[in-house]
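Peer 1: The structure follows.
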Amino acid sequence: MASLAEIVRTRSRLSMAELVHLQRLVASWNLLADFCFSDLLLFVPLRPEDDRSVAADTDAEAEFVVVGHVRPSTTQTLYRNDLIGEQLDEQERPLVARSMRLGEIIEGEITVAALRERVRVLCIPVRHDGRTIAVLSRESTPSVGRSPGELERTYVDIFNRFARMIASGEFPFPADDSDAKESPRVGDGVVVLDRSATVEYASPNAVSALHRMGVHANTEGMRLGDLGLDDEPIRDAFAVGKPVTEEVERGDVIILVRTIPMLDSQGVSGAVVLFRDVTEVRQRDRLLLSKDATIREIHHRVKNNLQTISSLLQLQGRRTDSPESKEAIAESVRRIRSIAIVHETLSREAGEDVAFSEILRPLVQMVAETVSSPDREIRFDVVGQAGTLPANVATPMAVVLTELLQNAADHAFPDGVERPDGNLVRVELSDQPDEVVIRVVDNGVGVPEGFSIERVKGLGLSIVRALVTSDLQGTIDLFEPPDGSPGTVVELRIPTDAVLVT
């Protein structure tokens with residue numbers, strides 16, 4: 001289905017400013033549909049074949065396209081099918097054409113062929129910068145033999161006041177602070193204020209919201225501030241003539257209060273105040289924030305503990321005379337530090353996912369500092385991105401890459417080997433749709449004859465093989481560069497679905 005913007009751009013002559021005005025109207029018209037208990041349709045005149053406008057030539061038959069359709073949540077819809085994109089002419093919608101030409105609110109009844117019944121219609125010209133650019137049509141079945149109650153009469157009166165604002169170009173407001181996901185709806189509770197900000201009417205749901213805030217007095221004829229509520233949002237809305245949305249907290253109850261001023265020729269003639277109880281929502285938000293902060297603190301403490309263990313092992317290594325023991329302790333320290341880097345990164349991030357590049361670069365730097373010396377310089381590079389990984393995947397990946405980088409430094413460049421263009425170890429990352437691919441490439445002496453990673457006995461590569469195949473459910477391959485250049489390529493392939501479920 002085409003969007004409002006697409007239909008307007010391709011099938012009308014409206015300017016960008018006029019399109020934005022219609023988009024603002026559509027963004028807030030759920031409220032209007034609920035107040036009038038009706039479907040709302042937005043009609044835009046089709047682009048004429050020549051340069052004449054419908055308003056300038058009263059003999060031309062108008063044609064319109066429906067660019068918006070909203071259904072009420074306070075009653076049953078009139079139309080089962082969505083009408084957006086339908087093209088209608090003046091014969092089918094005479095009241096729309098008349099409202100467009102005259103720039104006036106027109107009320108009447110028409111027969112809709114698709115429904116095969118009479119429909120009650122109120123056509124409201126949508127004005128922008130003194131020009132009628134569209135028509136908003138309120139459509140419902142005629143009410144027969146039923147007297148509306150106080151709530152329905154009040155809501156329809158509110159809609160009629162907004163309709164006059166639409167016809168005069170005062171609604172929608174040029175700037176609106178509402179958030180579609182957070183903004184209260186009519187069913188959440190409505191209070192109507194008069195010109196002096198005194199309560200004229202409070203819906204049953206609004207009364208319930210006030211009761212939850214400890215206000216049990218009769219609100220009619222009172223100011224909300226006189227009842228002990230923080231009415232600063234209301235005073236701000238009356239002062240600036242624009243909607244104001246704020247949260248009011250009283251005791252353990254949090255109410256989202258949205259004040260929408262209603263305007264006439266004399267300024268602000270009153271306001272509609274919508275209430276929504278967001279106590280449970282905010283409590284969940286606070287619990288999530290608290291949980292997130294707790295998790296980050298745990299990662300921070302784990303990192304500190306691992307660093308303490310690493311320091312103790314280094315002290316132990318300095319006290320031993322055995323070269324084999326020193327080497328084993330150094331390898332353990334390196335593995336512990338690689339895990340500590342993961343926890344350090346997670347202690348700074350919100351949630352349990354982390355961009356792997358934030359972990360990889362400190363790992364590469366750590367290995368580079370360990371293996372490089374004035375007698376043997378090795379350059380380490382990182383190319384590409386591996387995306388975001390869960391913590392329980394990032395940890396084994398960090399250990400695996402630490403082992404592979406250390407292995408490349410130890411075996412690709414034995415003493416006396418120095419490449420003309422420098423010794424290089426490069427990590428290549430690729431985040432593909434079905435898998436994460438990581439390659440560790442060096443330009444060293446190459447793969448020893450008869451070497452197989454499946455039959456390797458060394459502890460480091462045994463750890464790598466076990467973590468890749470078991471924890472990460474991936475594969476590991478070792479081969480020479482395909483372009484025939486010297487060196488070795490170690491390729492890891494980790495399935496995306498395995499990463500997601502790990």
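So you can find residues: chains in the structure tokens are A, B, ... in the order shown, residues in each start at 1, and ligands are numbered from 1 in order.
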Within 9 Å of Val65 (chain A), counting only C-alpha atoms, which residues show up once you throw out same-chain ones fewer than 4 positions away? Write them as a list of chain:residue names, please.
Peer 2: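 Near neighbours after the sequence-gap exclusion: A:Ile7, A:Val8, A:Arg11, A:Ser12, A:Leu42, A:Phe43, A:Val44, A:Pro45, A:Leu46, A:Ile84, A:Gly85, A:Glu86, A:Gln87, A:Leu88, A:Asp89.
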Peer 1: What's the 10 Å shell around Glu377 (chain A), counting only C-alpha atoms, without same-chain residues fewer than 5 positions away, as a PDB file with C-alpha atoms, in the first residue's frame?
Peer 2:
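Result went into around.pdb, see below:
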ATOM      1  CA  ALA A 368      51.358  -7.436  19.891  1.00  0.00           C
ATOM      2  CA  VAL A 371      55.381 -11.003  21.011  1.00  0.00           C
ATOM      3  CA  SER A 372      57.017  -7.943  19.497  1.00  0.00           C
ATOM      4  CA  ALA A 409      53.494 -14.994  16.015  1.00  0.00           C
ATOM      5  CA  PHE A 413      58.113 -16.082  12.014  1.00  0.00           C
ATOM      6  CA  GLU A 418      62.107 -11.322   8.228  1.00  0.00           C
ATOM      7  CA  GLY A 422      57.637  -6.683   7.110  1.00  0.00           C
ATOM      8  CA  ASN A 423      56.149  -9.489   9.176  1.00  0.00           C
ATOM      9  CA  LEU A 424      52.358  -9.197   9.124  1.00  0.00           C
TER      10      LEU A 424
END
Peer 1: Need the shell around region 485-490 of chain A: protein/DNA/RNA residues with any atom at most 10 Å away, counting only C-alpha atoms. Skip same-chain ones fewer than 6 positions apart. Format as a ChimeraX atom specification?
Peer 2: /A:404,408,412-413,419,424-427,438-448,453,476-479
Peer 1: Store the residues of this selection in a file with N, CA and C atoms, as a PDB file, in the first residue's frame.
Peer 2:
ATOM      1  N   LEU A 404      45.066 -17.982  18.324  1.00  0.00           N
ATOM      2  CA  LEU A 404      45.485 -17.984  16.920  1.00  0.00           C
ATOM      3  C   LEU A 404      46.518 -16.897  16.649  1.00  0.00           C
ATOM      4  N   ALA A 408      50.289 -17.688  15.489  1.00  0.00           N
ATOM      5  CA  ALA A 408      50.868 -17.123  14.270  1.00  0.00           C
ATOM      6  C   ALA A 408      52.197 -16.441  14.572  1.00  0.00           C
ATOM      7  N   ALA A 412      54.880 -18.635  12.656  1.00  0.00           N
ATOM      8  CA  ALA A 412      55.001 -18.115  11.291  1.00  0.00           C
ATOM      9  C   ALA A 412      56.327 -17.398  11.082  1.00  0.00           C
ATOM     10  N   PHE A 413      56.885 -16.867  12.157  1.00  0.00           N
ATOM     11  CA  PHE A 413      58.113 -16.082  12.014  1.00  0.00           C
ATOM     12  C   PHE A 413      59.172 -16.582  13.004  1.00  0.00           C
ATOM     13  N   ARG A 419      60.397 -10.800   6.562  1.00  0.00           N
ATOM     14  CA  ARG A 419      59.881 -10.554   5.222  1.00  0.00           C
ATOM     15  C   ARG A 419      60.327  -9.170   4.735  1.00  0.00           C
ATOM     16  N   LEU A 424      53.737  -9.681   8.994  1.00  0.00           N
ATOM     17  CA  LEU A 424      52.358  -9.197   9.124  1.00  0.00           C
ATOM     18  C   LEU A 424      51.432 -10.322   9.540  1.00  0.00           C
ATOM     19  N   VAL A 425      50.568 -10.012  10.509  1.00  0.00           N
ATOM     20  CA  VAL A 425      49.444 -10.880  10.870  1.00  0.00           C
ATOM     21  C   VAL A 425      48.179 -10.033  10.751  1.00  0.00           C
ATOM     22  N   ARG A 426      47.253 -10.505   9.928  1.00  0.00           N
ATOM     23  CA  ARG A 426      46.040  -9.721   9.659  1.00  0.00           C
ATOM     24  C   ARG A 426      44.810 -10.533  10.046  1.00  0.00           C
ATOM     25  N   VAL A 427      43.881  -9.875  10.751  1.00  0.00           N
ATOM     26  CA  VAL A 427      42.598 -10.489  11.098  1.00  0.00           C
ATOM     27  C   VAL A 427      41.549  -9.907  10.167  1.00  0.00           C
ATOM     28  N   ILE A 438      35.786 -15.405  10.126  1.00  0.00           N
ATOM     29  CA  ILE A 438      36.974 -14.734  10.656  1.00  0.00           C
ATOM     30  C   ILE A 438      38.201 -15.470  10.127  1.00  0.00           C
ATOM     31  N   ARG A 439      39.140 -14.727   9.552  1.00  0.00           N
ATOM     32  CA  ARG A 439      40.385 -15.315   9.041  1.00  0.00           C
ATOM     33  C   ARG A 439      41.569 -14.643   9.730  1.00  0.00           C
ATOM     34  N   VAL A 440      42.521 -15.459  10.138  1.00  0.00           N
ATOM     35  CA  VAL A 440      43.803 -14.967  10.639  1.00  0.00           C
ATOM     36  C   VAL A 440      44.844 -15.307   9.578  1.00  0.00           C
ATOM     37  N   VAL A 441      45.393 -14.289   8.945  1.00  0.00           N
ATOM     38  CA  VAL A 441      46.284 -14.466   7.795  1.00  0.00           C
ATOM     39  C   VAL A 441      47.667 -13.919   8.152  1.00  0.00           C
ATOM     40  N   ASP A 442      48.719 -14.705   7.875  1.00  0.00           N
ATOM     41  CA  ASP A 442      50.088 -14.216   8.085  1.00  0.00           C
ATOM     42  C   ASP A 442      50.886 -14.411   6.799  1.00  0.00           C
ATOM     43  N   ASN A 443      52.007 -13.735   6.722  1.00  0.00           N
ATOM     44  CA  ASN A 443      52.884 -13.875   5.554  1.00  0.00           C
ATOM     45  C   ASN A 443      54.186 -14.575   5.940  1.00  0.00           C
ATOM     46  N   GLY A 444      54.045 -15.558   6.863  1.00  0.00           N
ATOM     47  CA  GLY A 444      55.216 -16.256   7.394  1.00  0.00           C
ATOM     48  C   GLY A 444      55.676 -17.423   6.546  1.00  0.00           C
ATOM     49  N   VAL A 445      56.198 -18.442   7.233  1.00  0.00           N
ATOM     50  CA  VAL A 445      56.856 -19.559   6.544  1.00  0.00           C
ATOM     51  C   VAL A 445      55.870 -20.562   5.965  1.00  0.00           C
ATOM     52  N   GLY A 446      54.610 -20.471   6.310  1.00  0.00           N
ATOM     53  CA  GLY A 446      53.623 -21.360   5.734  1.00  0.00           C
ATOM     54  C   GLY A 446      53.338 -22.577   6.579  1.00  0.00           C
ATOM     55  N   VAL A 447      52.451 -23.451   6.063  1.00  0.00           N
ATOM     56  CA  VAL A 447      51.998 -24.631   6.784  1.00  0.00           C
ATOM     57  C   VAL A 447      53.046 -25.730   6.676  1.00  0.00           C
ATOM     58  N   PRO A 448      53.454 -26.296   7.795  1.00  0.00           N
ATOM     59  CA  PRO A 448      54.426 -27.406   7.728  1.00  0.00           C
ATOM     60  C   PRO A 448      53.850 -28.599   6.951  1.00  0.00           C
ATOM     61  N   ILE A 453      45.144 -29.815  11.488  1.00  0.00           N
ATOM     62  CA  ILE A 453      44.622 -29.237  12.728  1.00  0.00           C
ATOM     63  C   ILE A 453      43.789 -30.241  13.505  1.00  0.00           C
ATOM     64  N   ILE A 476      36.749 -24.940  11.577  1.00  0.00           N
ATOM     65  CA  ILE A 476      38.058 -24.299  11.494  1.00  0.00           C
ATOM     66  C   ILE A 476      38.867 -24.998  10.415  1.00  0.00           C
ATOM     67  N   ASP A 477      39.481 -24.217   9.536  1.00  0.00           N
ATOM     68  CA  ASP A 477      40.315 -24.749   8.458  1.00  0.00           C
ATOM     69  C   ASP A 477      41.635 -23.998   8.442  1.00  0.00           C
ATOM     70  N   LEU A 478      42.689 -24.685   8.021  1.00  0.00           N
ATOM     71  CA  LEU A 478      44.020 -24.097   7.917  1.00  0.00           C
ATOM     72  C   LEU A 478      44.562 -24.421   6.542  1.00  0.00           C
ATOM     73  N   PHE A 479      45.001 -23.393   5.779  1.00  0.00           N
ATOM     74  CA  PHE A 479      45.479 -23.632   4.419  1.00  0.00           C
ATOM     75  C   PHE A 479      46.401 -22.493   3.989  1.00  0.00           C
TER      76      PHE A 479
END
Peer 1: Write out as a compact mmCIF listing (two decimals) with N, CA and C atoms, in the first residue's frame the set of residues from region 94-217 of chain A that DSSP, computed on the backbone, places in strand (DSSP E).
Peer 2:
# COMPACT_ATOMS: atom_id res chain seq x y z
N ILE A 106 -19.14 21.27 5.78
CA ILE A 106 -20.40 20.87 5.15
C ILE A 106 -20.87 19.56 5.79
N GLU A 107 -22.14 19.48 6.17
CA GLU A 107 -22.69 18.27 6.77
C GLU A 107 -23.85 17.76 5.94
N GLY A 108 -24.01 16.47 5.87
CA GLY A 108 -25.11 15.89 5.13
C GLY A 108 -25.03 14.37 5.11
N GLU A 109 -25.82 13.77 4.21
CA GLU A 109 -25.81 12.32 4.06
C GLU A 109 -25.63 11.96 2.60
N ILE A 110 -24.93 10.86 2.37
CA ILE A 110 -24.74 10.36 1.02
C ILE A 110 -24.97 8.86 1.04
N THR A 111 -25.12 8.29 -0.15
CA THR A 111 -25.21 6.84 -0.29
C THR A 111 -23.88 6.32 -0.81
N VAL A 112 -23.26 5.44 -0.04
CA VAL A 112 -22.00 4.84 -0.45
C VAL A 112 -22.29 3.52 -1.14
N GLU A 117 -25.85 1.73 1.65
CA GLU A 117 -26.63 2.35 2.71
C GLU A 117 -26.24 3.81 2.83
N ARG A 118 -27.08 4.55 3.53
CA ARG A 118 -26.83 5.96 3.75
C ARG A 118 -25.73 6.13 4.79
N VAL A 119 -24.90 7.14 4.59
CA VAL A 119 -23.79 7.45 5.49
C VAL A 119 -23.87 8.92 5.87
N ARG A 120 -23.75 9.17 7.16
CA ARG A 120 -23.72 10.54 7.67
C ARG A 120 -22.31 11.08 7.53
N VAL A 121 -22.16 12.26 6.92
CA VAL A 121 -20.85 12.80 6.58
C VAL A 121 -20.73 14.23 7.09
N LEU A 122 -19.56 14.54 7.66
CA LEU A 122 -19.19 15.91 8.00
C LEU A 122 -17.87 16.19 7.33
N CYS A 123 -17.86 17.09 6.34
CA CYS A 123 -16.66 17.40 5.57
C CYS A 123 -16.02 18.67 6.11
N ILE A 124 -14.74 18.55 6.45
CA ILE A 124 -14.01 19.66 7.07
C ILE A 124 -12.85 20.05 6.16
N PRO A 125 -12.81 21.31 5.68
CA PRO A 125 -11.69 21.73 4.85
C PRO A 125 -10.40 21.81 5.68
N VAL A 126 -9.34 21.26 5.14
CA VAL A 126 -8.04 21.33 5.81
C VAL A 126 -7.29 22.52 5.22
N ARG A 127 -7.06 23.53 6.08
CA ARG A 127 -6.47 24.77 5.59
C ARG A 127 -5.03 24.89 6.04
N HIS A 128 -4.19 25.39 5.11
CA HIS A 128 -2.78 25.63 5.41
C HIS A 128 -2.34 26.91 4.69
N ARG A 131 -4.99 28.47 2.43
CA ARG A 131 -5.47 27.73 1.27
C ARG A 131 -6.01 26.37 1.71
N THR A 132 -7.15 25.97 1.12
CA THR A 132 -7.70 24.65 1.40
C THR A 132 -6.94 23.63 0.57
N ILE A 133 -6.28 22.69 1.26
CA ILE A 133 -5.41 21.74 0.56
C ILE A 133 -5.99 20.33 0.56
N ALA A 134 -6.99 20.07 1.41
CA ALA A 134 -7.57 18.73 1.50
C ALA A 134 -8.89 18.84 2.23
N VAL A 135 -9.60 17.72 2.32
CA VAL A 135 -10.86 17.66 3.07
C VAL A 135 -10.82 16.44 3.97
N LEU A 136 -11.12 16.68 5.25
CA LEU A 136 -11.24 15.59 6.22
C LEU A 136 -12.71 15.26 6.38
N SER A 137 -13.06 14.00 6.16
CA SER A 137 -14.46 13.60 6.18
C SER A 137 -14.72 12.65 7.34
N ARG A 138 -15.63 13.05 8.22
CA ARG A 138 -16.08 12.18 9.31
C ARG A 138 -17.28 11.39 8.82
N GLU A 139 -17.22 10.06 8.87
CA GLU A 139 -18.26 9.25 8.25
C GLU A 139 -18.75 8.19 9.23
N SER A 140 -20.08 8.11 9.38
CA SER A 140 -20.69 7.16 10.31
C SER A 140 -22.10 6.86 9.85
N VAL A 190 -10.23 11.39 30.04
CA VAL A 190 -10.31 12.73 29.45
C VAL A 190 -10.89 13.71 30.47
N VAL A 191 -10.23 14.85 30.59
CA VAL A 191 -10.76 15.98 31.36
C VAL A 191 -10.85 17.17 30.43
N VAL A 192 -12.00 17.86 30.44
CA VAL A 192 -12.22 19.04 29.61
C VAL A 192 -12.13 20.28 30.50
N LEU A 193 -11.29 21.23 30.10
CA LEU A 193 -11.12 22.47 30.83
C LEU A 193 -11.71 23.64 30.04
N VAL A 199 -12.29 22.68 35.46
CA VAL A 199 -12.82 21.42 34.94
C VAL A 199 -14.29 21.55 34.59
N GLU A 200 -14.61 21.25 33.33
CA GLU A 200 -16.01 21.20 32.88
C GLU A 200 -16.55 19.78 32.90
N TYR A 201 -15.67 18.84 32.60
CA TYR A 201 -16.12 17.45 32.49
C TYR A 201 -14.92 16.54 32.75
N ALA A 202 -15.15 15.42 33.43
CA ALA A 202 -14.12 14.39 33.63
C ALA A 202 -14.74 13.04 33.31
Peer 1: Using CA of Gly317 (chain A) and CA of Ile329 (chain A) as the two end points, give the distance in Å to one decimal.
Peer 2: 6.0 Å
Peer 1: Env of Phe35 (chain A): 9 Å cut, atoms = only C-alpha atoms, seq-sep filter 2 positions within chain, self excluded. Answer as a VMD selection string.
Peer 2: chain A and resid 30 to 33 37 to 38 72 74 152 154 to 159 186
Peer 1: Neighbouring residues of Val342 (chain A) were defined as those with any atom within 10 Å, considering only C-alpha atoms; residues of the same chain fewer than 5 positions away were excluded. Please report them as a list in words.
Peer 2: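 My list of contacting residues is His299, Lys303, Arg337, Ser347, Val354, Phe356, Glu358, Ile359, Leu360, Pro362, Leu363, Ala391, Asn392, Ala394, Thr395, Pro396, Met397, Ala398 and Val399 of chain A.
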Peer 1: List the spatial neighbours of Gly267 (chain A) as a list in words - criterion: any atom at most 10 Å away, only C-alpha atoms, same-chain residues fewer than 4 positions off excluded.
Peer 2: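 Contacts, with the query itself left out: Arg195, Phe238, Gly241, Pro261, Met262 and Leu263 of chain A.
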Peer 1: For Phe171 (chain A), please output as an NGL selection string all residues within 12 Å (counting only C-alpha atoms; exclusion window: fewer than 2 positions along the same chain).
Peer 2: :A and (21-29 or 32 or 124-129 or 159 or 161-169 or 173-176 or 241-243 or 260-264)
Peer 1: Among region 176-372 of chain A, which ones does DSSP assign to helix (DSSP H, G or I) (computed from the backbone)? Answer as a VMD selection string.
Peer 2: chain A and resid 186 to 188 204 to 212 224 to 227 232 to 240 279 to 319 323 to 346 356 to 371
Peer 1: Separation of CA of Asp188 (chain A) and CA of Val253 (chain A), in Å?
Peer 2: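 It comes out at 14.9 Å.
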Peer 1: For Thr388 (chain A), which residue among A:Val456, A:Leu401, A:Val436, A:Ile341 is the nearest when counting only C-alpha atoms?
Peer 2: A:Val436
Peer 1: As an exercise, work out the distance from CA of Gln385 (chain A) to CA of Asp431 (chain A) in Å and give it to one decimal place.
Peer 2: 6.4 Å
Peer 1: Considering only C-alpha atoms, state which residue in the set A:Asp82, A:Glu331, A:Glu403, A:Glu491 is at the smallest distance from Val464 (chain A).
Peer 2: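 Checking each candidate against Val464 (chain A), we get A:Glu403 as the closest.
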Peer 1: Using only C-alpha atoms, find the one residue out of A:Val96, A:Ser15, A:Ala330, A:Asp39 that sits nearest to His69 (chain A).
Peer 2: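 Looking at the shortest contact to His69 (chain A), the residue is A:Asp39.
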